[in-house]
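The structure under discussion appears below in the form of structure tokens.
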Amino acid sequence: MPRARDLRTAPRRRRAGKPAAPADGDHDGLLGRVGAALRERRRAVGFTRRDLAGRSGVSERFIARIEAGDGNVSLRRLADLTRALDLPLLTLLAAPPGAAGPRIALVGLRGSGKSTLGRRLARRLRLPFVELDALIEEAAGLPLAQLFEIHGERYFRRLEREVLARFIGAGGPAVIAAGGGLVTDPETWALLRAGCVTVWLSAEPEDHYARVLAQGDRRPMAGQADAMAGLKALLAARRPLYAQADLTLDTSRTPLADAVRDLAARLPATRLPTARRRPGA
């Protein structure tokens with residue numbers, strides 16, 4: 001018969017169906033949350049564990065342990081995994097998996113229809129509508145024009161990234177209108193793409209120009225002899241970045257009501273928030 005000490009120290013078998021306890025040192029569930037977030041991201045982009053192992057250099061067996069919340073992964077290895085998944089490390093650590101409802105982020109140049117279409121889409125989907133620029137102004141306590149004038153673009157881009165990270169970390173569903181230049185900051189653009197379904201609202205340069213003027217904004221022509229040429233050059237430079245979005249919607253050729261209906265119908269087929277899994281994943 002085993003001694004009393006042996007009975008006290010013998011490991012207990014876990015009952016079938018009962019979740020495993022957090023790993024040592026993971027009393028707040030961080031490793032479990034990180035593992036679940038990595039698993040969901042891997043499935044969302046269509047990778048098997050073998051695919052991810054080949055791209056990251058982390059063994060398939062260790063990836064399985066990490067996804068199960070049983071691997072105390074180093075920051076270096078975690079960075080290898082998030083890089084392979086095109087997932088900013090900040091997003092992985094900030095947002096509990098599964099907490100975020102559908103988040104749709106609209107990108108494009110000024111005059112693409114982000115605010116107008118975004119509000120209508122939000123009403124149709126019964127989601128809050130958020131303008132990222134408004135959140136930035138609130139955080140800075142300054143209008144955007146003064147923010148740029150006083151602190152410059154570098155400060156603005158850093159604040160934009162911090163505000164976006166906090167918003168995504170909060171995990172709330174929303175339709176988000178992003179600033180036109182957000183895509184020029186690689187880290188912020190990656191953060192938005194990792195945390196949202198991204199939609200490029202594409203339009204012809206003439207439509208961009210006319211819509212901004214119709215809003216009473218004369219800045220597109222201020223101090224420029226050929227503002228249209230400048231707009232076309234800007235659109236050409238950013239087009240490859242905007243094209244990285246999950247979806248593209250041409251707002252020049254589609255009436256607003258039809259565009260909202262078309263976009264709402266296409267959203268369930270995208271990779272987020274509902275992941276499409278490959279066989280063997």
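If you're wondering about the labels, chains in the structure tokens are A, B, ... by order shown, residues count from 1 in each chain, ligands from 1 in order shown.
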(Q) DSSP on the backbone: which residues in segment 88-148 of chain A end up as helix (DSSP H, G or I)? Give the answer as a ChimeraX atom specification. (A) /A:89-94,114-125,132-140,144-148
Which residues are close to segment 250-260 of chain A, i.e. within 7 Å by only C-alpha atoms, leaving aside same-chain residues fewer than 4 positions away? Reply as a list of chain:residue names.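 Within the cut-off, the hits are A:Ser112, A:Leu117, A:Arg120, A:Leu121, A:Leu201, A:Ser202, A:Ala203, A:Glu204, A:Asp207, A:Ala264.
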*Excluding same-chain residues fewer than 6 positions from segment 239-246 of chain A, what lies within 10 Å of it counting only C-alpha atoms, as a list in words?*
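The filter keeps Ala105, Leu106, Val107, Gly108, Leu109, Gly180, Leu182, Val183, Thr184, Pro186, Trp189, Ala190, Leu192, Arg193, Cys196, Val197, Thr198, Val199, Trp200, Leu201, Ser202, Ala233, Leu267, Thr270, Arg271 and Leu272 of chain A.
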List every residue of segment 81-183 of chain A that DSSP, applied to the backbone of this structure, assigns to strand (DSSP E), and report them as a count of residues only. 12
Counting only C-alpha atoms, which of A:Glu160, A:Glu138, A:Gly171, A:Glu67 gets nearest to Arg43 of chain A?
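For Arg43 of chain A, the nearest of the given residues is A:Glu67.
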- request: Could you please determine the separation between atom CA of Asp80 of chain A and atom CA of Arg55 of chain A in Å, to one decimal place?
  value: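 Atom-to-atom, atom CA of Asp80 of chain A and atom CA of Arg55 of chain A are spaced 8.6 Å apart.
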Please provide the set of residues having any atom within 7 Å of Gly35 of chain A, restricted to only C-alpha atoms, with same-chain residues fewer than 6 positions apart removed, written as a list in words. Ile66, Glu67, Ala68 and Gly69 of chain A
Correct to one decimal, the distance atom CA of Arg103 of chain A-atom CA of Asp185 of chain A is 20.2 Å
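The closest residue to Gly141 of chain A, picked from A:Gly169, A:Ala227, A:Leu159, A:Gly32 and counting only C-alpha atoms, is A:Leu159.
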Contact residues around Thr82 of chain A with only C-alpha atoms at 9 Å, ignoring same-chain residues under 4 positions, as a compact mmCIF listing (two decimals) with C-alpha atoms, in the first residue's frame:
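Once written, selection-v3.txt looks like this:
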```
# COMPACT_ATOMS: atom_id res chain seq x y z
CA LEU A 38 -2.25 32.29 -32.52
CA SER A 56 8.56 30.48 -38.75
CA ARG A 77 10.07 32.65 -30.83
CA LEU A 78 6.77 34.46 -30.42
CA ASP A 86 1.64 38.89 -40.44
CA LEU A 87 0.26 39.58 -36.97
CA PRO A 88 1.65 42.51 -34.92
CA LEU A 89 2.88 41.28 -31.55
CA LEU A 92 -1.61 39.45 -30.01
```
| message | Could you list, as JSON, numbers by chain, every residue within 12 Å of Arg49 of chain A, counting only C-alpha atoms and ignoring same-chain residues fewer than 4 positions away? | response | {"A": [38, 39, 40, 41, 42, 43, 45, 53, 54, 55, 56, 57, 58, 59, 60, 61, 62, 63, 64, 65, 66, 67, 81, 84, 85, 277, 278, 279, 280, 281]}
task = Enter the distance from atom CA of Ala265 of chain A to atom CA of Arg124 of chain A, in Å, rounded to one decimal.
result =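 We find that atom CA of Ala265 of chain A and atom CA of Arg124 of chain A lie 10.9 Å from each other.
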